[in-house]
file coords-v1.txt (compact mmCIF, C-alpha atoms)
# COMPACT_ATOMS: atom_id res chain seq x y z
CA MET A 23 2.77 -3.71 -21.59
CA ALA A 24 5.74 -5.76 -20.53
CA ASP A 25 6.53 -8.22 -17.79
CA LYS A 26 10.17 -7.15 -17.52
CA ALA A 27 9.51 -3.98 -15.53
CA HIS A 28 9.61 -3.91 -11.73
CA PRO A 29 6.17 -4.88 -10.38
CA ALA A 30 4.35 -2.97 -7.70
CA ALA A 31 3.91 -4.75 -4.37
CA LYS A 32 0.53 -6.41 -3.86
CA PHE A 33 -1.34 -5.32 -0.76
CA GLU A 34 -4.47 -6.83 0.77
CA LEU A 35 -6.50 -5.34 3.61
CA LEU A 36 -6.93 -8.09 6.21
CA GLN A 37 -8.25 -6.18 9.24
CA SER A 38 -9.29 -2.62 9.91
CA ASP A 39 -11.21 -0.74 12.56
CA ASP A 40 -12.97 1.12 9.72
CA PHE A 41 -13.15 -0.83 6.45
CA GLU A 42 -15.16 1.87 4.71
CA GLN A 43 -12.22 4.23 5.09
CA TYR A 44 -10.37 2.14 2.51
CA LEU A 45 -12.98 0.40 0.35
CA LEU A 46 -15.22 1.93 -2.31
CA HIS A 47 -18.37 0.04 -3.33
CA GLU A 48 -20.43 2.70 -5.08
CA ARG A 49 -20.17 2.21 -8.87
CA ARG A 50 -20.09 5.94 -9.63
CA GLU A 51 -17.30 6.55 -7.11
CA ILE A 52 -15.27 3.69 -8.56
CA GLY A 53 -15.93 5.02 -12.07
CA TYR A 54 -14.68 8.45 -11.03
CA ILE A 55 -11.40 7.01 -9.73
CA LEU A 56 -10.94 4.94 -12.90
CA ARG A 57 -11.52 8.03 -15.08
CA GLN A 58 -8.94 9.93 -13.05
CA LEU A 59 -6.48 7.11 -13.71
CA ALA A 60 -7.28 7.33 -17.43
CA ALA A 61 -7.00 11.13 -17.57
CA ARG A 62 -3.56 11.05 -15.94
CA ARG A 63 -2.34 7.95 -17.81
CA CYS A 64 -1.29 6.36 -14.52
CA MET A 65 0.85 3.26 -15.03
CA ILE A 66 -0.76 0.11 -13.64
CA THR A 67 0.83 -3.20 -12.67
CA ALA A 68 -1.72 -5.89 -13.60
CA TYR A 69 -1.12 -9.38 -12.21
CA LEU A 70 -2.57 -12.25 -14.24
CA GLY A 71 -5.01 -14.05 -11.93
CA ASP A 72 -3.22 -15.45 -8.88
CA SER A 73 0.11 -15.82 -10.65
CA ALA A 74 3.26 -13.74 -10.23
CA ARG A 75 3.20 -12.82 -13.93
CA PHE A 76 2.19 -9.26 -14.66
CA VAL A 77 1.82 -6.71 -17.41
CA MET A 78 2.23 -2.94 -17.34
CA THR A 79 -0.84 -1.13 -18.61
CA SER A 80 -3.07 1.93 -18.12
CA VAL A 81 -6.77 2.74 -18.26
CA LEU A 82 -7.73 4.02 -21.72
CA SER A 83 -11.42 4.66 -21.11
CA VAL A 84 -14.37 3.78 -18.89
CA ASN A 85 -17.74 3.08 -20.50
CA ASP A 86 -20.59 5.47 -19.71
CA ASP A 87 -22.41 2.94 -17.53
CA ASP A 88 -19.26 2.40 -15.39
CA ARG A 89 -19.58 -1.35 -15.94
CA SER A 90 -16.57 -1.93 -18.20
CA LEU A 91 -13.27 -0.35 -19.11
CA TYR A 92 -10.52 -0.53 -21.70
CA LEU A 93 -6.89 -1.21 -20.78
CA ASP A 94 -3.87 -0.54 -22.95
CA VAL A 95 -1.77 -3.32 -24.48
CA GLY A 96 1.86 -3.47 -25.55
CA ASN A 97 3.94 -5.01 -28.30
CA ASP A 98 4.08 -8.56 -26.93
CA ASP A 99 1.15 -10.27 -28.64
CA ALA A 100 1.58 -13.53 -26.69
CA LEU A 101 1.52 -11.68 -23.37
CA ASN A 102 -1.46 -9.60 -24.49
CA HIS A 103 -3.46 -12.71 -25.33
CA GLU A 104 -2.38 -14.35 -22.07
CA ALA A 105 -3.77 -11.36 -20.19
CA GLY A 106 -6.88 -11.47 -22.36
CA SER A 107 -7.56 -15.09 -21.42
CA ALA A 108 -6.94 -14.74 -17.67
CA ASN A 109 -9.87 -15.07 -15.28
CA SER A 110 -9.05 -11.69 -13.74
CA LEU A 111 -6.38 -9.02 -13.51
CA LEU A 112 -5.28 -7.61 -10.15
CA CYS A 113 -4.43 -3.96 -10.83
CA LEU A 114 -2.16 -1.82 -8.64
CA THR A 115 -1.33 1.83 -9.15
CA GLN A 116 -1.13 5.25 -7.46
CA LEU A 117 -3.25 8.37 -7.82
CA ASP A 118 -1.93 11.54 -6.17
CA LYS A 119 0.44 9.32 -4.14
CA VAL A 120 -2.52 7.30 -2.86
CA LYS A 121 -2.24 3.56 -3.45
CA VAL A 122 -5.13 2.12 -5.45
CA GLN A 123 -5.87 -1.57 -6.00
CA PHE A 124 -8.74 -3.29 -7.78
CA SER A 125 -9.54 -6.44 -9.77
CA VAL A 126 -11.14 -6.54 -13.21
CA THR A 127 -12.83 -9.70 -14.46
CA ARG A 128 -13.41 -11.27 -17.88
CA PRO A 129 -10.53 -9.47 -19.63
CA ARG A 130 -10.67 -10.12 -23.37
CA MET A 131 -8.96 -8.81 -26.47
CA ALA A 132 -10.88 -6.03 -28.20
CA HIS A 133 -10.27 -2.77 -30.06
CA PHE A 134 -10.26 0.78 -28.74
CA GLY A 135 -10.77 2.85 -31.85
CA LYS A 136 -8.39 1.43 -34.42
CA TYR A 137 -6.00 -0.08 -31.90
CA PRO A 138 -5.99 -3.37 -29.95
CA ALA A 139 -6.87 -3.16 -26.27
CA LEU A 140 -8.20 -5.21 -23.38
CA LEU A 141 -11.89 -4.89 -22.50
CA ALA A 142 -12.80 -6.01 -18.98
CA ASP A 143 -15.65 -5.78 -16.49
CA ALA A 144 -15.16 -2.87 -14.10
CA PRO A 145 -14.35 -3.67 -10.46
CA GLU A 146 -17.16 -3.93 -7.93
CA VAL A 147 -14.83 -2.96 -5.07
CA LEU A 148 -11.83 -0.64 -5.11
CA LEU A 149 -9.24 -0.41 -2.33
CA ARG A 150 -7.81 3.06 -1.77
CA LEU A 151 -5.27 3.95 0.90
CA GLN A 152 -6.14 7.55 1.62
CA ARG A 153 -3.56 10.17 2.47
CA ARG A 154 -2.92 10.55 6.15
CA GLU A 155 -3.37 13.57 8.38
CA TYR A 156 0.30 13.50 9.36
CA TYR A 157 3.39 13.58 7.20
CA ARG A 158 4.97 10.11 7.30
CA LEU A 159 8.68 9.49 7.11
CA THR A 160 9.90 6.27 5.52
CA ALA A 161 12.31 4.67 7.97
CA PRO A 162 15.89 5.32 6.81
CA VAL A 163 18.00 2.41 5.62
CA SER A 164 21.05 3.79 7.44
CA HIS A 165 19.75 2.43 10.74
CA SER A 166 17.03 0.08 11.89
CA LEU A 167 14.06 1.61 13.67
CA ILE A 168 12.61 -0.92 16.11
CA CYS A 169 9.40 -0.87 18.14
CA ARG A 170 9.28 -3.32 21.06
CA ILE A 171 5.71 -4.45 21.72
CA PRO A 172 4.73 -6.41 24.85
CA ALA A 173 3.47 -9.80 23.70
CA PRO A 174 0.30 -11.07 25.42
CA ASN A 175 0.88 -14.30 27.34
CA LEU A 176 4.64 -13.86 26.94
CA ASN A 177 6.97 -12.40 29.51
CA SER A 178 8.88 -10.48 26.84
CA ARG A 179 8.65 -7.85 24.13
CA VAL A 180 8.50 -8.65 20.44
CA GLU A 181 10.70 -6.57 18.16
CA ALA A 182 8.80 -5.16 15.18
CA ARG A 183 10.63 -3.32 12.40
CA VAL A 184 9.25 0.18 11.77
CA ILE A 185 8.78 1.01 8.08
CA ASP A 186 7.38 4.52 8.49
CA ILE A 187 6.69 6.97 11.30
CA SER A 188 4.76 10.19 11.82
CA GLY A 189 3.59 12.37 14.68
CA GLY A 190 0.42 10.27 14.76
CA GLY A 191 1.75 6.74 14.67
CA VAL A 192 3.92 4.08 13.08
CA ALA A 193 3.62 1.28 10.55
CA VAL A 194 5.42 -1.91 11.51
CA ILE A 195 6.12 -5.28 10.00
CA VAL A 196 4.21 -7.76 12.14
CA PRO A 197 6.31 -10.66 13.44
CA PRO A 198 4.68 -13.70 11.76
CA LYS A 199 5.03 -16.19 14.61
CA ASP A 200 5.86 -14.39 17.83
CA MET A 201 2.48 -12.70 18.28
CA SER A 202 -0.75 -11.85 16.48
CA LEU A 203 -1.94 -8.25 16.30
CA SER A 204 -5.63 -7.43 15.90
CA ALA A 205 -7.30 -4.31 14.53
CA ASP A 206 -8.61 -1.89 17.18
CA GLU A 207 -6.59 -3.62 19.93
CA LYS A 208 -4.45 -1.50 22.24
CA TYR A 209 -0.93 -2.47 23.26
CA MET A 210 0.39 -0.55 26.26
CA ASP A 211 3.97 0.18 27.23
CA CYS A 212 5.36 -0.11 23.71
CA ARG A 213 8.92 1.16 23.34
CA LEU A 214 10.21 2.93 20.23
CA ASP A 215 13.97 3.52 20.17
CA LEU A 216 14.88 6.69 18.27
CA PRO A 217 18.60 6.94 17.42
CA GLU A 218 20.17 9.98 19.15
CA PHE A 219 16.85 10.89 20.78
CA GLY A 220 16.34 7.97 23.13
CA PRO A 221 13.35 5.73 23.82
CA VAL A 222 9.69 6.72 23.42
CA THR A 223 7.18 4.76 25.51
CA THR A 224 3.57 4.85 24.36
CA THR A 225 0.33 2.98 23.87
CA LEU A 226 -0.29 1.77 20.30
CA ARG A 227 -3.73 1.16 18.84
CA VAL A 228 -3.76 -1.03 15.72
CA ARG A 229 -5.84 0.65 13.01
CA ASN A 230 -5.36 -1.74 10.09
CA ILE A 231 -3.42 -4.80 8.97
CA PHE A 232 -2.39 -5.51 5.38
CA ARG A 233 -0.79 -8.48 3.71
CA ILE A 234 1.91 -7.27 1.34
CA THR A 235 3.64 -9.36 -1.30
CA ASN A 236 6.94 -7.73 -2.16
CA ARG A 237 8.79 -7.88 -5.47
CA SER A 238 10.61 -11.08 -4.50
CA GLY A 239 7.27 -12.82 -3.87
CA THR A 240 7.66 -12.87 -0.07
CA ASP A 241 4.51 -12.26 2.00
CA MET A 242 4.60 -10.07 5.09
CA LEU A 243 2.05 -8.36 7.34
CA ARG A 244 2.03 -4.60 7.81
CA ALA A 245 0.20 -3.05 10.77
CA GLY A 246 -0.69 0.63 10.87
CA CYS A 247 -0.68 1.81 14.50
CA GLN A 248 -1.80 5.04 16.15
CA PHE A 249 -0.13 6.65 19.15
CA GLU A 250 -2.47 7.10 22.11
CA ASP A 251 -1.89 9.30 25.16
CA LEU A 252 1.56 10.22 23.87
CA PRO A 253 3.26 12.61 26.33
CA VAL A 254 4.20 15.98 24.84
CA PRO A 255 7.98 15.55 25.38
CA MET A 256 7.91 12.23 23.53
CA ALA A 257 5.78 13.69 20.71
CA ASN A 258 8.34 16.48 20.40
CA ALA A 259 11.18 13.93 20.28
CA ILE A 260 9.46 12.12 17.38
CA GLN A 261 9.03 15.37 15.46
CA ARG A 262 12.67 16.32 16.01
CA TYR A 263 13.76 12.88 14.84
CA ILE A 264 11.66 13.18 11.66
CA LEU A 265 13.02 16.66 10.93
CA ARG A 266 16.62 15.56 11.48
CA VAL A 267 16.31 12.53 9.19
CA GLU A 268 14.66 14.63 6.49
CA ARG A 269 17.35 17.32 6.82
CA ASP A 270 20.11 14.74 6.52
CA ARG A 271 18.40 13.12 3.54
CA LYS A 272 18.08 16.43 1.69
CA ALA A 273 21.70 17.29 2.48
CA ARG A 274 22.83 14.03 0.89
CA GLU A 275 20.71 14.73 -2.19
CA VAL A 276 22.27 18.18 -2.58
CA GLY A 277 25.72 16.66 -2.12
CA GLU A 278 25.05 14.21 -4.92
call {"tool": "encode", "arguments": {"input": "coords-v1.txt", "output": "structure tokens"}}
result
Amino acid sequence: MADKAHPAAKFELLQSDDFEQYLLHERREIGYILRQLAARRCMITAYLGDSARFVMTSVLSVNDDDRSLYLDVGNDDALNHEAGSANSLLCLTQLDKVKVQFSVTRPRMAHFGKYPALLADAPEVLLRLQRREYYRLTAPVSHSLICRIPAPNLNSRVEARVIDISGGGVAVIVPPKDMSLSADEKYMDCRLDLPEFGPVTTTLRVRNIFRITNRSGTDMLRAGCQFEDLPVPMANAIQRYILRVERDRKAREVGE
């Protein structure tokens, strides 16, 4: 473990139209996910309590009763003991490109076989962002992708930066002050400007809202939105845009 590596971004589910789609409560299901993490030696960013300090670790083993687990430690004894005396560890990782987040409590120094390790109580809840039905394209950095959303009680549209897009919807960074989005709410007459393909006008339904803390420590809100009643020509324009961006991206990779 080391706190010099780049940390993963924290994410916290604030609102959703279907919480159970993201949260696991059943102990056996959580134990299965933890064992998958152990079997694949997935690297985990573990934040110490509510602080910005973190350690890099992995799941070594899950006890048979699914009530505790062992985490790996590194060469920094001081950092290991700091993690072992924290109230909890907020763990972030990925499994098959699905983001997984959970908290373990009562971490304490122990031994796994002959080697030092952290023993902690297994999580009671595990957050898992499942893979989506549609392929999602991360918005390119070469140009800004903006979605203009009509703001209730305002005679204007709020510009929200798009961070990914698919044939089924978009994820946007929610403007913190201009307006407040709510899960399962519909926003009509939203305008998405696609470079070289023109504007797409659609109704967006907010499916979930997450708070994300990026690597610099800045908090932002991410809203996952679904297209509703999207006309076929506009759906085709989105697919063509995604294909073009992916083709250009692959061409640059080959050129490198």
call {"tool": "residues_near_point", "arguments": {"input": "coords-v1.txt", "point": "(4.1, -1.4, 20.8)", "cutoff": "10 Å", "atoms": "all atoms listed in the file", "output": "tab-separated table (two decimals) with C-alpha atoms, keeping the file's coordinate frame"}}
result
chain	number	residue	atom	x	y	z
A	168	ILE	CA	12.61	-0.92	16.11
A	169	CYS	CA	9.40	-0.87	18.14
A	170	ARG	CA	9.28	-3.32	21.06
A	171	ILE	CA	5.71	-4.45	21.72
A	172	PRO	CA	4.73	-6.41	24.85
A	173	ALA	CA	3.47	-9.80	23.70
A	179	ARG	CA	8.65	-7.85	24.13
A	180	VAL	CA	8.50	-8.65	20.44
A	181	GLU	CA	10.70	-6.57	18.16
A	182	ALA	CA	8.80	-5.16	15.18
A	192	VAL	CA	3.92	4.08	13.08
A	194	VAL	CA	5.42	-1.91	11.51
A	208	LYS	CA	-4.45	-1.50	22.24
A	209	TYR	CA	-0.93	-2.47	23.26
A	210	MET	CA	0.39	-0.55	26.26
A	211	ASP	CA	3.97	0.18	27.23
A	212	CYS	CA	5.36	-0.11	23.71
A	213	ARG	CA	8.92	1.16	23.34
A	214	LEU	CA	10.21	2.93	20.23
A	223	THR	CA	7.18	4.76	25.51
A	224	THR	CA	3.57	4.85	24.36
A	225	THR	CA	0.33	2.98	23.87
A	226	LEU	CA	-0.29	1.77	20.30
A	227	ARG	CA	-3.73	1.16	18.84
A	228	VAL	CA	-3.76	-1.03	15.72
A	247	CYS	CA	-0.68	1.81	14.50
A	248	GLN	CA	-1.80	5.04	16.15
A	249	PHE	CA	-0.13	6.65	19.15
call {"tool": "closest_residue", "arguments": {"input": "coords-v1.txt", "among": "A:Ser90, A:Ser204, A:Asn102, A:Asn258", "to": "Ala245 in chain A", "atoms": "all atoms listed in the file"}}
result
A:Ser204
call {"tool": "atom_distance", "arguments": {"input": "coords-v1.txt", "atom1": "CA of Glu48 in chain A", "atom2": "CA of Asp88 in chain A"}}
result
10.4 Å
call {"tool": "closest_atom_pairs", "arguments": {"input": "coords-v1.txt", "of": "range 93-185 of chain A", "to": "range 55-76 of chain A", "cutoff": "8 Å", "atoms": "all atoms listed in the file", "output": "JSON lines"}}
result
{"residue": "A:Ala105", "atom": "CA", "partner": "A:Leu70", "partner_atom": "CA", "distance": 6.1}
{"residue": "A:Ala108", "atom": "CA", "partner": "A:Leu70", "partner_atom": "CA", "distance": 6.1}
{"residue": "A:Asn109", "atom": "CA", "partner": "A:Gly71", "partner_atom": "CA", "distance": 6.0}
{"residue": "A:Ser110", "atom": "CA", "partner": "A:Gly71", "partner_atom": "CA", "distance": 5.0}
{"residue": "A:Leu111", "atom": "CA", "partner": "A:Leu70", "partner_atom": "CA", "distance": 5.0}
{"residue": "A:Leu112", "atom": "CA", "partner": "A:Tyr69", "partner_atom": "CA", "distance": 5.0}
{"residue": "A:Cys113", "atom": "CA", "partner": "A:Ala68", "partner_atom": "CA", "distance": 4.3}
{"residue": "A:Leu114", "atom": "CA", "partner": "A:Thr67", "partner_atom": "CA", "distance": 5.2}
{"residue": "A:Thr115", "atom": "CA", "partner": "A:Ile66", "partner_atom": "CA", "distance": 4.8}
{"residue": "A:Gln116", "atom": "CA", "partner": "A:Cys64", "partner_atom": "CA", "distance": 7.1}
{"residue": "A:Leu117", "atom": "CA", "partner": "A:Leu59", "partner_atom": "CA", "distance": 6.8}
call {"tool": "atom_distance", "arguments": {"input": "coords-v1.txt", "atom1": "CA of Ile231 in chain A", "atom2": "CA of Ser202 in chain A"}}
result
10.6 Å
call {"tool": "atom_distance", "arguments": {"input": "coords-v1.txt", "atom1": "CA of Glu146 in chain A", "atom2": "CA of Gly53 in chain A"}}
result
9.9 Å
call {"tool": "residues_around", "arguments": {"input": "coords-v1.txt", "residues": "Ala259 in chain A", "least_positions_apart": "5", "cutoff": "9 Å", "atoms": "all atoms listed in the file", "output": "PyMOL selection string"}}
result
chain A and resi 216+219-220+222+254+264
call {"tool": "closest_residue", "arguments": {"input": "coords-v1.txt", "among": "A:Ala193, A:Leu141, A:Arg244, A:Asp118", "to": "Ser80 in chain A", "atoms": "all atoms listed in the file"}}
result
A:Leu141
call {"tool": "closest_residue", "arguments": {"input": "coords-v1.txt", "among": "A:Asn230, A:Ser188, A:Thr79, A:Ser166", "to": "Ala205 in chain A", "atoms": "all atoms listed in the file"}}
result
A:Asn230
call {"tool": "closest_atom_pairs", "arguments": {"input": "coords-v1.txt", "of": "range 70-168 of chain A", "to": "range 183-186 of chain A", "cutoff": "8 Å", "atoms": "all atoms listed in the file", "output": "JSON lines"}}
result
{"residue": "A:Arg158", "atom": "CA", "partner": "A:Asp186", "partner_atom": "CA", "distance": 6.2}
{"residue": "A:Leu159", "atom": "CA", "partner": "A:Asp186", "partner_atom": "CA", "distance": 5.3}
{"residue": "A:Thr160", "atom": "CA", "partner": "A:Asp186", "partner_atom": "CA", "distance": 4.3}
{"residue": "A:Ala161", "atom": "CA", "partner": "A:Asp186", "partner_atom": "CA", "distance": 5.0}
{"residue": "A:Ser166", "atom": "CA", "partner": "A:Arg183", "partner_atom": "CA", "distance": 7.3}
{"residue": "A:Leu167", "atom": "CA", "partner": "A:Val184", "partner_atom": "CA", "distance": 5.4}
{"residue": "A:Ile168", "atom": "CA", "partner": "A:Arg183", "partner_atom": "CA", "distance": 4.8}
call {"tool": "axis_aligned_box", "arguments": {"input": "coords-v1.txt", "around": "range 75-86 of chain A", "padding_each_side": "6 Å", "output": "AutoDock Vina command-line options"}}
result
--center_x -8.7 --center_y -3.7 --center_z -17.8 --size_x 35.8 --size_y 30.3 --size_z 19.8
